[in-house]
Amino acid sequence: MTRQIQTIPRWRSLRNVIRILQNPIPVFKGYLEKYGETFQVFIAGVTPAVFSIDPDFAQHVLQKNHRNYQKSSIQKDAIGTYVGKGLLTTDGPYWLKQRRLIQPGFHRERLNKITSIITVVIDNYLDLLEFRIKTNPVVNIYQETLEVAHRIIVRSIFSDNLNDQEMTQLGNNITEVQKFLVRQIRLPFLDFWFSISGQKTKYLSIARESDVIIRRYIKERRSGNKVHDDLLQMLLESKYEDTGRGMTDQQLLDESLILFIAGHETSANAMAWMTYLLSQHTEIAENLRSDQQTNYPKQVINEALRLYPPAWITDRVAIEEDVFNGINISKGMITVPYIYEIHHSERLWRNADEFDPERFSESESRHPFAFMPFGGGPRLCIGNNFAMMEMEMFLTKFTKRFDFRLIEGQEIEVQPMVTLRPKNGIMIKLIKRIST
């Protein structure tokens, strides 16, 4: 039986364009309250899409019938124009070939070789932070986690090859390009203006600056004899089963850049939100320091990822006509599993807006797509093990070294860009803990 879902009038979508550009989450929340958990909307008043916070819908699109759904032009074309054709921005046989090639490098055993790199980066950064707070104990923790995550991912990919100036340039370039990408994605009717005004050319040039830096180090690594325990070495050593050959320099560039982008801001955001939550729940921070519950850090991380998922939304396009629970999905229709509100659904989570790591204890059971900070199905984030390892190491080291509290009077607001940022940062007072 066909089931009709409500369609948000095109005029309403157009009226909300500016609000969505600024922060789409309150707008989408209003839609959900008025139109139900699954509805049709016109993106920017132009492109029809089915939004849903039904985990069955997410599982259908991302897993059960994933062969009928591919990444949208937003991800493949808009983002791919600036970051190349890596795992994040490709589809079909090429994506599958690359996934099978690279996947073994992200198995836990291989990642264990990188733990020493991450340990050194975190320890050195916390040493610097400890020194700085002697003169000013108040820090914007988002800027701090951006910096430490930046250093971690650069060293994890390139070991010690990149100098500080190049590390900074890569980070700044990505931030600038992302800001433009968000405007381009949310205001598609201005695409012609972005072209003739020279903005596309400007940001493509910025993106190419990053390409030049990375390409140079790929060539240096190929010509050198030293073997490194890093992700670039893993990519260099990966060989296709059918040919026995490795990737070209262009492929190495694309995949390295994707790893850098995917592994930088997402982890930084998650670590900042974790610190924010712990600053308001000192008892949970103390539980972390006790070392008596070995799985507890993962529970804290998962709960922070539930409340503030860095990858807060995703989409797919139907290759052929499909039906989900009586809802017709036409060929070419954009489908949007809305991760942020799935994670905040009162139907799926008791006291959904509360910070409660105990909900991730082994005794808890839930729908497999009620929690998906790393996506789901065959395109589950390839770096999820790396990200969890990195965040757990930072979390345990940071909480043992510092006490911290939130500076009062701030308005903490989410800023949904490509990832979910704290809009105005998060000001925290740090106090060095006395070792016992």
# chains A, B, ... in the order shown; residues from 1 in each chain; ligands from 1

$ select_by_dssp --residues "stretch 155-389 of chain A" --states "strand (DSSP E)" --output "PyMOL selection string"
chain A and resi 316-318+322-324+327-329+334-337

$ write_last_selection --atoms "all heavy atoms" --output "JSON list (two decimals), in the first residue's frame"
[["chain", "number", "residue", "atom", "x", "y", "z"],
["A", 316, "ARG", "N", 22.01, 10.40, -0.14],
["A", 316, "ARG", "CA", 22.21, 9.47, -1.26],
["A", 316, "ARG", "C", 21.17, 9.80, -2.34],
["A", 316, "ARG", "O", 20.12, 10.39, -2.05],
["A", 316, "ARG", "CB", 22.02, 8.01, -0.83],
["A", 316, "ARG", "CG", 23.05, 7.50, 0.18],
["A", 316, "ARG", "CD", 24.43, 7.35, -0.42],
["A", 316, "ARG", "NE", 25.33, 6.68, 0.49],
["A", 316, "ARG", "CZ", 26.08, 7.32, 1.40],
["A", 316, "ARG", "NH1", 25.99, 8.64, 1.51],
["A", 316, "ARG", "NH2", 26.90, 6.64, 2.18],
["A", 317, "VAL", "N", 21.44, 9.39, -3.57],
["A", 317, "VAL", "CA", 20.52, 9.57, -4.68],
["A", 317, "VAL", "C", 20.07, 8.21, -5.18],
["A", 317, "VAL", "O", 20.89, 7.30, -5.36],
["A", 317, "VAL", "CB", 21.20, 10.35, -5.84],
["A", 317, "VAL", "CG1", 20.26, 10.44, -7.03],
["A", 317, "VAL", "CG2", 21.60, 11.74, -5.38],
["A", 318, "ALA", "N", 18.76, 8.06, -5.38],
["A", 318, "ALA", "CA", 18.21, 6.80, -5.87],
["A", 318, "ALA", "C", 18.58, 6.61, -7.34],
["A", 318, "ALA", "O", 18.30, 7.46, -8.18],
["A", 318, "ALA", "CB", 16.70, 6.79, -5.70],
["A", 322, "ASP", "N", 12.29, 3.24, -6.09],
["A", 322, "ASP", "CA", 12.34, 2.36, -4.93],
["A", 322, "ASP", "C", 11.11, 2.63, -4.07],
["A", 322, "ASP", "O", 10.42, 3.65, -4.23],
["A", 322, "ASP", "CB", 13.63, 2.61, -4.13],
["A", 322, "ASP", "CG", 13.88, 1.54, -3.07],
["A", 322, "ASP", "OD1", 13.28, 0.46, -3.15],
["A", 322, "ASP", "OD2", 14.70, 1.80, -2.16],
["A", 323, "VAL", "N", 10.83, 1.71, -3.16],
["A", 323, "VAL", "CA", 9.74, 1.88, -2.20],
["A", 323, "VAL", "C", 10.27, 1.53, -0.81],
["A", 323, "VAL", "O", 10.89, 0.47, -0.63],
["A", 323, "VAL", "CB", 8.52, 0.99, -2.53],
["A", 323, "VAL", "CG1", 7.43, 1.17, -1.47],
["A", 323, "VAL", "CG2", 7.98, 1.33, -3.92],
["A", 324, "PHE", "N", 10.02, 2.40, 0.15],
["A", 324, "PHE", "CA", 10.37, 2.13, 1.54],
["A", 324, "PHE", "C", 9.12, 2.28, 2.39],
["A", 324, "PHE", "O", 8.54, 3.38, 2.46],
["A", 324, "PHE", "CB", 11.46, 3.08, 2.04],
["A", 324, "PHE", "CG", 11.59, 3.10, 3.54],
["A", 324, "PHE", "CD1", 12.19, 2.04, 4.20],
["A", 324, "PHE", "CD2", 11.06, 4.14, 4.28],
["A", 324, "PHE", "CE1", 12.26, 2.03, 5.58],
["A", 324, "PHE", "CE2", 11.15, 4.15, 5.67],
["A", 324, "PHE", "CZ", 11.75, 3.08, 6.33],
["A", 327, "ILE", "N", 6.42, 4.20, 0.95],
["A", 327, "ILE", "CA", 6.77, 5.52, 0.43],
["A", 327, "ILE", "C", 7.49, 5.36, -0.90],
["A", 327, "ILE", "O", 8.54, 4.69, -0.98],
["A", 327, "ILE", "CB", 7.68, 6.29, 1.42],
["A", 327, "ILE", "CG1", 6.97, 6.48, 2.75],
["A", 327, "ILE", "CG2", 8.10, 7.63, 0.84],
["A", 327, "ILE", "CD1", 7.87, 7.03, 3.85],
["A", 328, "ASN", "N", 6.96, 5.95, -1.96],
["A", 328, "ASN", "CA", 7.61, 5.88, -3.27],
["A", 328, "ASN", "C", 8.79, 6.84, -3.31],
["A", 328, "ASN", "O", 8.68, 8.01, -2.96],
["A", 328, "ASN", "CB", 6.61, 6.24, -4.38],
["A", 328, "ASN", "CG", 5.58, 5.15, -4.61],
["A", 328, "ASN", "OD1", 5.86, 3.96, -4.46],
["A", 328, "ASN", "ND2", 4.36, 5.54, -4.96],
["A", 329, "ILE", "N", 9.92, 6.31, -3.74],
["A", 329, "ILE", "CA", 11.13, 7.12, -3.93],
["A", 329, "ILE", "C", 11.47, 7.07, -5.41],
["A", 329, "ILE", "O", 11.84, 6.01, -5.93],
["A", 329, "ILE", "CB", 12.30, 6.60, -3.07],
["A", 329, "ILE", "CG1", 11.91, 6.64, -1.58],
["A", 329, "ILE", "CG2", 13.56, 7.42, -3.32],
["A", 329, "ILE", "CD1", 12.93, 5.99, -0.67],
["A", 334, "ILE", "N", 16.81, 12.65, -4.05],
["A", 334, "ILE", "CA", 17.79, 12.70, -2.98],
["A", 334, "ILE", "C", 17.14, 12.19, -1.70],
["A", 334, "ILE", "O", 16.01, 12.56, -1.37],
["A", 334, "ILE", "CB", 18.33, 14.13, -2.76],
["A", 334, "ILE", "CG1", 19.14, 14.57, -3.97],
["A", 334, "ILE", "CG2", 19.17, 14.22, -1.50],
["A", 334, "ILE", "CD1", 19.68, 15.98, -3.86],
["A", 335, "THR", "N", 17.82, 11.30, -1.00],
["A", 335, "THR", "CA", 17.34, 10.79, 0.28],
["A", 335, "THR", "C", 18.32, 11.24, 1.36],
["A", 335, "THR", "O", 19.54, 11.18, 1.17],
["A", 335, "THR", "CB", 17.24, 9.26, 0.27],
["A", 335, "THR", "OG1", 18.52, 8.69, -0.02],
["A", 335, "THR", "CG2", 16.24, 8.78, -0.77],
["A", 336, "VAL", "N", 17.78, 11.67, 2.48],
["A", 336, "VAL", "CA", 18.62, 12.26, 3.53],
["A", 336, "VAL", "C", 18.35, 11.58, 4.87],
["A", 336, "VAL", "O", 17.38, 11.92, 5.56],
["A", 336, "VAL", "CB", 18.36, 13.78, 3.66],
["A", 336, "VAL", "CG1", 19.31, 14.39, 4.71],
["A", 336, "VAL", "CG2", 18.53, 14.48, 2.32],
["A", 337, "PRO", "N", 19.17, 10.61, 5.26],
["A", 337, "PRO", "CA", 19.12, 10.13, 6.65],
["A", 337, "PRO", "C", 19.72, 11.23, 7.54],
["A", 337, "PRO", "O", 20.90, 11.55, 7.44],
["A", 337, "PRO", "CB", 20.02, 8.88, 6.63],
["A", 337, "PRO", "CG", 20.13, 8.50, 5.17],
["A", 337, "PRO", "CD", 20.08, 9.81, 4.43]]

$ residues_around --residues "stretch 181-196 of chain A" --least-positions-apart "3" --cutoff "9 Å" --atoms "only C-alpha atoms" --output "ChimeraX atom specification"
/A:17-18,20-21,43-44,46,74,78-79,82,176-178,199-201,417-418

$ residues_around --residues "A:Ile214" --least-positions-apart "2" --cutoff "8 Å" --atoms "only C-alpha atoms" --output "MDAnalysis selection string"
chainID A and resid 210:212 216:218 253 256:257

$ atom_distance --atom1 "atom CA of A:Tyr340" --atom2 "atom CA of A:Arg12"
21.9 Å

$ atom_distance --atom1 "atom CA of A:Arg245" --atom2 "atom CA of A:Leu87"
18.5 Å

$ residues_around --residues "A:Pro297" --least-positions-apart "5" --cutoff "12 Å" --atoms "only C-alpha atoms" --output "VMD selection string"
chain A and resid 274 278 284 to 292 302 to 304 357 to 358 360 to 361 388 to 399

$ select_by_dssp --residues "stretch 40-271 of chain A" --states "alpha helix (DSSP H)" --output "JSON, numbers by chain"
{"A": [55, 56, 57, 58, 59, 73, 80, 81, 82, 83, 92, 93, 94, 95, 96, 97, 98, 99, 100, 101, 102, 108, 109, 110, 111, 115, 116, 117, 118, 119, 120, 121, 122, 123, 124, 125, 126, 127, 128, 129, 130, 131, 132, 141, 142, 143, 144, 145, 146, 147, 148, 149, 150, 151, 152, 153, 154, 155, 156, 157, 158, 164, 165, 166, 167, 168, 169, 170, 171, 172, 173, 174, 175, 176, 177, 178, 179, 180, 181, 182, 183, 184, 185, 186, 191, 192, 193, 194, 195, 196, 199, 200, 201, 202, 203, 204, 205, 206, 207, 208, 209, 210, 211, 212, 213, 214, 215, 216, 217, 218, 219, 220, 221, 222, 223, 231, 232, 233, 234, 235, 236, 237, 249, 250, 251, 252, 253, 254, 255, 256, 257, 258, 259, 260, 261, 262, 263, 264, 265, 266, 267, 268, 269, 270, 271]}

$ residues_around --residues "A:Tyr338" --least-positions-apart "5" --cutoff "7 Å" --atoms "only C-alpha atoms" --output "list in words"
Phe51, Ser52, Ile53, Ile313 and Thr314 of chain A

$ residues_around --residues "A:Leu170" --least-positions-apart "5" --cutoff "12 Å" --atoms "only C-alpha atoms" --output "PDB file with all heavy atoms, in the first residue's frame"
ATOM      1  N   GLU A 147      44.066  22.237  16.771  1.00  0.00           N
ATOM      2  CA  GLU A 147      45.514  22.205  16.593  1.00  0.00           C
ATOM      3  C   GLU A 147      46.089  20.818  16.881  1.00  0.00           C
ATOM      4  O   GLU A 147      46.913  20.304  16.122  1.00  0.00           O
ATOM      5  CB  GLU A 147      46.176  23.245  17.496  1.00  0.00           C
ATOM      6  CG  GLU A 147      47.696  23.315  17.367  1.00  0.00           C
ATOM      7  CD  GLU A 147      48.166  23.700  15.981  1.00  0.00           C
ATOM      8  OE1 GLU A 147      47.402  24.375  15.248  1.00  0.00           O
ATOM      9  OE2 GLU A 147      49.303  23.331  15.606  1.00  0.00           O
ATOM     10  N   HIS A 150      45.039  18.434  14.193  1.00  0.00           N
ATOM     11  CA  HIS A 150      45.798  18.764  12.998  1.00  0.00           C
ATOM     12  C   HIS A 150      47.172  18.110  13.046  1.00  0.00           C
ATOM     13  O   HIS A 150      47.617  17.456  12.095  1.00  0.00           O
ATOM     14  CB  HIS A 150      45.921  20.290  12.902  1.00  0.00           C
ATOM     15  CG  HIS A 150      46.577  20.778  11.659  1.00  0.00           C
ATOM     16  ND1 HIS A 150      47.129  22.037  11.534  1.00  0.00           N
ATOM     17  CD2 HIS A 150      46.804  20.180  10.463  1.00  0.00           C
ATOM     18  CE1 HIS A 150      47.650  22.191  10.347  1.00  0.00           C
ATOM     19  NE2 HIS A 150      47.458  21.077   9.679  1.00  0.00           N
ATOM     20  N   ARG A 151      47.855  18.276  14.174  1.00  0.00           N
ATOM     21  CA  ARG A 151      49.194  17.694  14.315  1.00  0.00           C
ATOM     22  C   ARG A 151      49.158  16.172  14.266  1.00  0.00           C
ATOM     23  O   ARG A 151      50.040  15.537  13.673  1.00  0.00           O
ATOM     24  CB  ARG A 151      49.825  18.165  15.630  1.00  0.00           C
ATOM     25  CG  ARG A 151      50.063  19.668  15.685  1.00  0.00           C
ATOM     26  CD  ARG A 151      50.797  20.073  16.942  1.00  0.00           C
ATOM     27  NE  ARG A 151      50.969  21.517  17.021  1.00  0.00           N
ATOM     28  CZ  ARG A 151      51.864  22.112  17.790  1.00  0.00           C
ATOM     29  NH1 ARG A 151      52.668  21.385  18.549  1.00  0.00           N
ATOM     30  NH2 ARG A 151      51.957  23.433  17.815  1.00  0.00           N
ATOM     31  N   ILE A 153      46.937  14.162  12.708  1.00  0.00           N
ATOM     32  CA  ILE A 153      46.682  13.591  11.385  1.00  0.00           C
ATOM     33  C   ILE A 153      47.837  13.846  10.431  1.00  0.00           C
ATOM     34  O   ILE A 153      48.192  12.978   9.622  1.00  0.00           O
ATOM     35  CB  ILE A 153      45.336  14.108  10.801  1.00  0.00           C
ATOM     36  CG1 ILE A 153      44.914  13.247   9.606  1.00  0.00           C
ATOM     37  CG2 ILE A 153      45.406  15.573  10.426  1.00  0.00           C
ATOM     38  CD1 ILE A 153      44.678  11.789   9.907  1.00  0.00           C
ATOM     39  N   VAL A 154      48.476  15.021  10.540  1.00  0.00           N
ATOM     40  CA  VAL A 154      49.626  15.290   9.672  1.00  0.00           C
ATOM     41  C   VAL A 154      50.756  14.314   9.969  1.00  0.00           C
ATOM     42  O   VAL A 154      51.347  13.718   9.062  1.00  0.00           O
ATOM     43  CB  VAL A 154      50.114  16.740   9.839  1.00  0.00           C
ATOM     44  CG1 VAL A 154      51.469  16.938   9.159  1.00  0.00           C
ATOM     45  CG2 VAL A 154      49.099  17.711   9.233  1.00  0.00           C
ATOM     46  N   LEU A 162      56.438  17.096   7.116  1.00  0.00           N
ATOM     47  CA  LEU A 162      55.919  18.450   6.939  1.00  0.00           C
ATOM     48  C   LEU A 162      56.442  19.375   8.029  1.00  0.00           C
ATOM     49  O   LEU A 162      56.452  19.012   9.205  1.00  0.00           O
ATOM     50  CB  LEU A 162      54.397  18.452   6.969  1.00  0.00           C
ATOM     51  CG  LEU A 162      53.657  17.811   5.796  1.00  0.00           C
ATOM     52  CD1 LEU A 162      52.162  18.004   5.972  1.00  0.00           C
ATOM     53  CD2 LEU A 162      54.096  18.389   4.474  1.00  0.00           C
ATOM     54  N   ASN A 163      56.852  20.588   7.628  1.00  0.00           N
ATOM     55  CA  ASN A 163      57.258  21.561   8.643  1.00  0.00           C
ATOM     56  C   ASN A 163      56.030  22.305   9.170  1.00  0.00           C
ATOM     57  O   ASN A 163      54.927  22.181   8.639  1.00  0.00           O
ATOM     58  CB  ASN A 163      58.302  22.532   8.086  1.00  0.00           C
ATOM     59  CG  ASN A 163      57.804  23.321   6.883  1.00  0.00           C
ATOM     60  OD1 ASN A 163      56.697  23.857   6.903  1.00  0.00           O
ATOM     61  ND2 ASN A 163      58.607  23.394   5.833  1.00  0.00           N
ATOM     62  N   ASP A 164      56.231  23.093  10.241  1.00  0.00           N
ATOM     63  CA  ASP A 164      55.108  23.763  10.896  1.00  0.00           C
ATOM     64  C   ASP A 164      54.375  24.717   9.959  1.00  0.00           C
ATOM     65  O   ASP A 164      53.143  24.840  10.014  1.00  0.00           O
ATOM     66  CB  ASP A 164      55.603  24.525  12.133  1.00  0.00           C
ATOM     67  CG  ASP A 164      55.983  23.585  13.265  1.00  0.00           C
ATOM     68  OD1 ASP A 164      55.592  22.404  13.209  1.00  0.00           O
ATOM     69  OD2 ASP A 164      56.674  24.033  14.203  1.00  0.00           O
ATOM     70  N   GLN A 165      55.118  25.411   9.099  1.00  0.00           N
ATOM     71  CA  GLN A 165      54.494  26.364   8.185  1.00  0.00           C
ATOM     72  C   GLN A 165      53.563  25.651   7.210  1.00  0.00           C
ATOM     73  O   GLN A 165      52.446  26.109   6.950  1.00  0.00           O
ATOM     74  CB  GLN A 165      55.562  27.135   7.412  1.00  0.00           C
ATOM     75  CG  GLN A 165      54.987  28.173   6.449  1.00  0.00           C
ATOM     76  CD  GLN A 165      56.064  28.952   5.717  1.00  0.00           C
ATOM     77  OE1 GLN A 165      57.237  28.902   6.064  1.00  0.00           O
ATOM     78  NE2 GLN A 165      55.665  29.671   4.675  1.00  0.00           N
ATOM     79  N   THR A 175      40.047  25.053   5.880  1.00  0.00           N
ATOM     80  CA  THR A 175      39.021  25.863   6.537  1.00  0.00           C
ATOM     81  C   THR A 175      38.397  26.853   5.558  1.00  0.00           C
ATOM     82  O   THR A 175      37.167  27.010   5.503  1.00  0.00           O
ATOM     83  CB  THR A 175      39.627  26.620   7.733  1.00  0.00           C
ATOM     84  OG1 THR A 175      40.098  25.671   8.695  1.00  0.00           O
ATOM     85  CG2 THR A 175      38.586  27.518   8.382  1.00  0.00           C
ATOM     86  N   GLU A 176      39.237  27.531   4.767  1.00  0.00           N
ATOM     87  CA  GLU A 176      38.730  28.519   3.812  1.00  0.00           C
ATOM     88  C   GLU A 176      37.865  27.872   2.736  1.00  0.00           C
ATOM     89  O   GLU A 176      36.799  28.375   2.387  1.00  0.00           O
ATOM     90  CB  GLU A 176      39.907  29.268   3.171  1.00  0.00           C
ATOM     91  CG  GLU A 176      40.623  30.217   4.103  1.00  0.00           C
ATOM     92  CD  GLU A 176      39.678  31.263   4.666  1.00  0.00           C
ATOM     93  OE1 GLU A 176      38.967  31.919   3.875  1.00  0.00           O
ATOM     94  OE2 GLU A 176      39.625  31.416   5.899  1.00  0.00           O
ATOM     95  N   VAL A 177      38.328  26.756   2.208  1.00  0.00           N
ATOM     96  CA  VAL A 177      37.572  26.066   1.152  1.00  0.00           C
ATOM     97  C   VAL A 177      36.242  25.558   1.691  1.00  0.00           C
ATOM     98  O   VAL A 177      35.206  25.649   1.028  1.00  0.00           O
ATOM     99  CB  VAL A 177      38.411  24.915   0.556  1.00  0.00           C
ATOM    100  CG1 VAL A 177      37.545  24.038  -0.356  1.00  0.00           C
ATOM    101  CG2 VAL A 177      39.594  25.472  -0.235  1.00  0.00           C
ATOM    102  N   ILE A 206      43.196  27.932  -3.958  1.00  0.00           N
ATOM    103  CA  ILE A 206      43.591  27.617  -2.586  1.00  0.00           C
ATOM    104  C   ILE A 206      43.724  26.108  -2.399  1.00  0.00           C
ATOM    105  O   ILE A 206      44.677  25.619  -1.776  1.00  0.00           O
ATOM    106  CB  ILE A 206      42.557  28.195  -1.597  1.00  0.00           C
ATOM    107  CG1 ILE A 206      42.603  29.725  -1.619  1.00  0.00           C
ATOM    108  CG2 ILE A 206      42.812  27.678  -0.182  1.00  0.00           C
ATOM    109  CD1 ILE A 206      41.525  30.385  -0.787  1.00  0.00           C
ATOM    110  N   ALA A 207      42.757  25.352  -2.948  1.00  0.00           N
ATOM    111  CA  ALA A 207      42.815  23.894  -2.840  1.00  0.00           C
ATOM    112  C   ALA A 207      44.046  23.332  -3.527  1.00  0.00           C
ATOM    113  O   ALA A 207      44.678  22.386  -3.025  1.00  0.00           O
ATOM    114  CB  ALA A 207      41.550  23.281  -3.435  1.00  0.00           C
ATOM    115  N   ARG A 208      44.408  23.900  -4.670  1.00  0.00           N
ATOM    116  CA  ARG A 208      45.574  23.405  -5.399  1.00  0.00           C
ATOM    117  C   ARG A 208      46.886  23.661  -4.653  1.00  0.00           C
ATOM    118  O   ARG A 208      47.866  22.944  -4.831  1.00  0.00           O
ATOM    119  CB  ARG A 208      45.634  24.052  -6.778  1.00  0.00           C
ATOM    120  CG  ARG A 208      44.481  23.738  -7.720  1.00  0.00           C
ATOM    121  CD  ARG A 208      44.434  22.258  -8.129  1.00  0.00           C
ATOM    122  NE  ARG A 208      43.756  21.406  -7.169  1.00  0.00           N
ATOM    123  CZ  ARG A 208      42.438  21.226  -7.107  1.00  0.00           C
ATOM    124  NH1 ARG A 208      41.651  21.868  -7.947  1.00  0.00           N
ATOM    125  NH2 ARG A 208      41.912  20.411  -6.221  1.00  0.00           N
ATOM    126  N   GLU A 209      46.920  24.707  -3.794  1.00  0.00           N
ATOM    127  CA  GLU A 209      48.111  24.941  -2.976  1.00  0.00           C
ATOM    128  C   GLU A 209      48.392  23.743  -2.072  1.00  0.00           C
ATOM    129  O   GLU A 209      49.545  23.353  -1.880  1.00  0.00           O
ATOM    130  CB  GLU A 209      47.925  26.204  -2.124  1.00  0.00           C
ATOM    131  CG  GLU A 209      47.921  27.496  -2.918  1.00  0.00           C
ATOM    132  CD  GLU A 209      47.604  28.701  -2.037  1.00  0.00           C
ATOM    133  OE1 GLU A 209      47.486  28.512  -0.806  1.00  0.00           O
ATOM    134  OE2 GLU A 209      47.480  29.813  -2.578  1.00  0.00           O
ATOM    135  N   SER A 210      47.336  23.173  -1.520  1.00  0.00           N
ATOM    136  CA  SER A 210      47.492  21.975  -0.690  1.00  0.00           C
ATOM    137  C   SER A 210      47.985  20.804  -1.529  1.00  0.00           C
ATOM    138  O   SER A 210      48.825  20.015  -1.081  1.00  0.00           O
ATOM    139  CB  SER A 210      46.156  21.618  -0.020  1.00  0.00           C
ATOM    140  OG  SER A 210      45.716  22.665   0.816  1.00  0.00           O
ATOM    141  N   ASP A 211      47.475  20.692  -2.751  1.00  0.00           N
ATOM    142  CA  ASP A 211      47.909  19.608  -3.641  1.00  0.00           C
ATOM    143  C   ASP A 211      49.402  19.663  -3.880  1.00  0.00           C
ATOM    144  O   ASP A 211      50.094  18.628  -3.887  1.00  0.00           O
ATOM    145  CB  ASP A 211      47.181  19.701  -4.988  1.00  0.00           C
ATOM    146  CG  ASP A 211      45.688  19.421  -4.871  1.00  0.00           C
ATOM    147  OD1 ASP A 211      45.241  19.040  -3.771  1.00  0.00           O
ATOM    148  OD2 ASP A 211      44.979  19.594  -5.876  1.00  0.00           O
ATOM    149  N   VAL A 212      49.918  20.850  -4.092  1.00  0.00           N
ATOM    150  CA  VAL A 212      51.344  21.014  -4.380  1.00  0.00           C
ATOM    151  C   VAL A 212      52.189  20.516  -3.212  1.00  0.00           C
ATOM    152  O   VAL A 212      53.192  19.809  -3.398  1.00  0.00           O
ATOM    153  CB  VAL A 212      51.674  22.490  -4.698  1.00  0.00           C
ATOM    154  CG1 VAL A 212      53.189  22.710  -4.751  1.00  0.00           C
ATOM    155  CG2 VAL A 212      51.032  22.906  -6.017  1.00  0.00           C
ATOM    156  N   ILE A 213      51.781  20.868  -1.997  1.00  0.00           N
ATOM    157  CA  ILE A 213      52.533  20.446  -0.812  1.00  0.00           C
ATOM    158  C   ILE A 213      52.546  18.931  -0.690  1.00  0.00           C
ATOM    159  O   ILE A 213      53.599  18.309  -0.508  1.00  0.00           O
ATOM    160  CB  ILE A 213      51.921  21.074   0.458  1.00  0.00           C
ATOM    161  CG1 ILE A 213      52.100  22.587   0.448  1.00  0.00           C
ATOM    162  CG2 ILE A 213      52.563  20.476   1.711  1.00  0.00           C
ATOM    163  CD1 ILE A 213      51.363  23.291   1.570  1.00  0.00           C
ATOM    164  N   ILE A 214      51.378  18.319  -0.808  1.00  0.00           N
ATOM    165  CA  ILE A 214      51.274  16.872  -0.616  1.00  0.00           C
ATOM    166  C   ILE A 214      51.973  16.116  -1.745  1.00  0.00           C
ATOM    167  O   ILE A 214      52.675  15.125  -1.509  1.00  0.00           O
ATOM    168  CB  ILE A 214      49.799  16.452  -0.509  1.00  0.00           C
ATOM    169  CG1 ILE A 214      49.173  17.070   0.749  1.00  0.00           C
ATOM    170  CG2 ILE A 214      49.670  14.931  -0.470  1.00  0.00           C
ATOM    171  CD1 ILE A 214      47.689  16.839   0.886  1.00  0.00           C
ATOM    172  N   LEU A 257      44.790  13.379   0.753  1.00  0.00           N
ATOM    173  CA  LEU A 257      44.032  14.593   1.059  1.00  0.00           C
ATOM    174  C   LEU A 257      42.712  14.255   1.747  1.00  0.00           C
ATOM    175  O   LEU A 257      42.304  14.931   2.702  1.00  0.00           O
ATOM    176  CB  LEU A 257      43.782  15.380  -0.224  1.00  0.00           C
ATOM    177  CG  LEU A 257      43.207  16.796  -0.065  1.00  0.00           C
ATOM    178  CD1 LEU A 257      44.102  17.647   0.820  1.00  0.00           C
ATOM    179  CD2 LEU A 257      43.034  17.452  -1.432  1.00  0.00           C
ATOM    180  N   PHE A 260      43.427  13.369   5.277  1.00  0.00           N
ATOM    181  CA  PHE A 260      43.741  14.568   6.051  1.00  0.00           C
ATOM    182  C   PHE A 260      42.464  15.322   6.429  1.00  0.00           C
ATOM    183  O   PHE A 260      42.272  15.702   7.585  1.00  0.00           O
ATOM    184  CB  PHE A 260      44.667  15.471   5.246  1.00  0.00           C
ATOM    185  CG  PHE A 260      45.030  16.747   5.956  1.00  0.00           C
ATOM    186  CD1 PHE A 260      46.043  16.755   6.899  1.00  0.00           C
ATOM    187  CD2 PHE A 260      44.354  17.920   5.694  1.00  0.00           C
ATOM    188  CE1 PHE A 260      46.372  17.918   7.568  1.00  0.00           C
ATOM    189  CE2 PHE A 260      44.675  19.097   6.352  1.00  0.00           C
ATOM    190  CZ  PHE A 260      45.691  19.090   7.303  1.00  0.00           C
ATOM    191  N   ILE A 261      41.590  15.519   5.462  1.00  0.00           N
ATOM    192  CA  ILE A 261      40.362  16.276   5.706  1.00  0.00           C
ATOM    193  C   ILE A 261      39.430  15.516   6.650  1.00  0.00           C
ATOM    194  O   ILE A 261      38.916  16.068   7.629  1.00  0.00           O
ATOM    195  CB  ILE A 261      39.660  16.578   4.373  1.00  0.00           C
ATOM    196  CG1 ILE A 261      40.513  17.545   3.544  1.00  0.00           C
ATOM    197  CG2 ILE A 261      38.266  17.147   4.607  1.00  0.00           C
ATOM    198  CD1 ILE A 261      40.038  17.718   2.131  1.00  0.00           C
ATOM    199  N   HIS A 264      40.831  15.282  10.359  1.00  0.00           N
ATOM    200  CA  HIS A 264      41.235  16.491  11.075  1.00  0.00           C
ATOM    201  C   HIS A 264      40.070  17.099  11.836  1.00  0.00           C
ATOM    202  O   HIS A 264      39.960  16.980  13.052  1.00  0.00           O
ATOM    203  CB  HIS A 264      41.837  17.503  10.089  1.00  0.00           C
ATOM    204  CG  HIS A 264      42.148  18.830  10.682  1.00  0.00           C
ATOM    205  ND1 HIS A 264      42.034  20.016   9.982  1.00  0.00           N
ATOM    206  CD2 HIS A 264      42.534  19.181  11.931  1.00  0.00           C
ATOM    207  CE1 HIS A 264      42.369  21.022  10.772  1.00  0.00           C
ATOM    208  NE2 HIS A 264      42.664  20.547  11.953  1.00  0.00           N
TER     209      HIS A 264
END

$ residues_around --residues "A:Ile426" --least-positions-apart "4" --cutoff "12 Å" --atoms "only C-alpha atoms" --output "PyMOL selection string"
chain A and resi 138-145+269+271-277+279+404-414+421-422

$ closest_residue --among "A:Lys226, A:Arg401, A:Lys331, A:Arg10" --to "A:Asp127" --atoms "only C-alpha atoms"
A:Arg401

$ closest_residue --among "A:Glu255, A:Asn424, A:Phe371, A:Ile8" --to "A:Arg99" --atoms "only C-alpha atoms"
A:Glu255
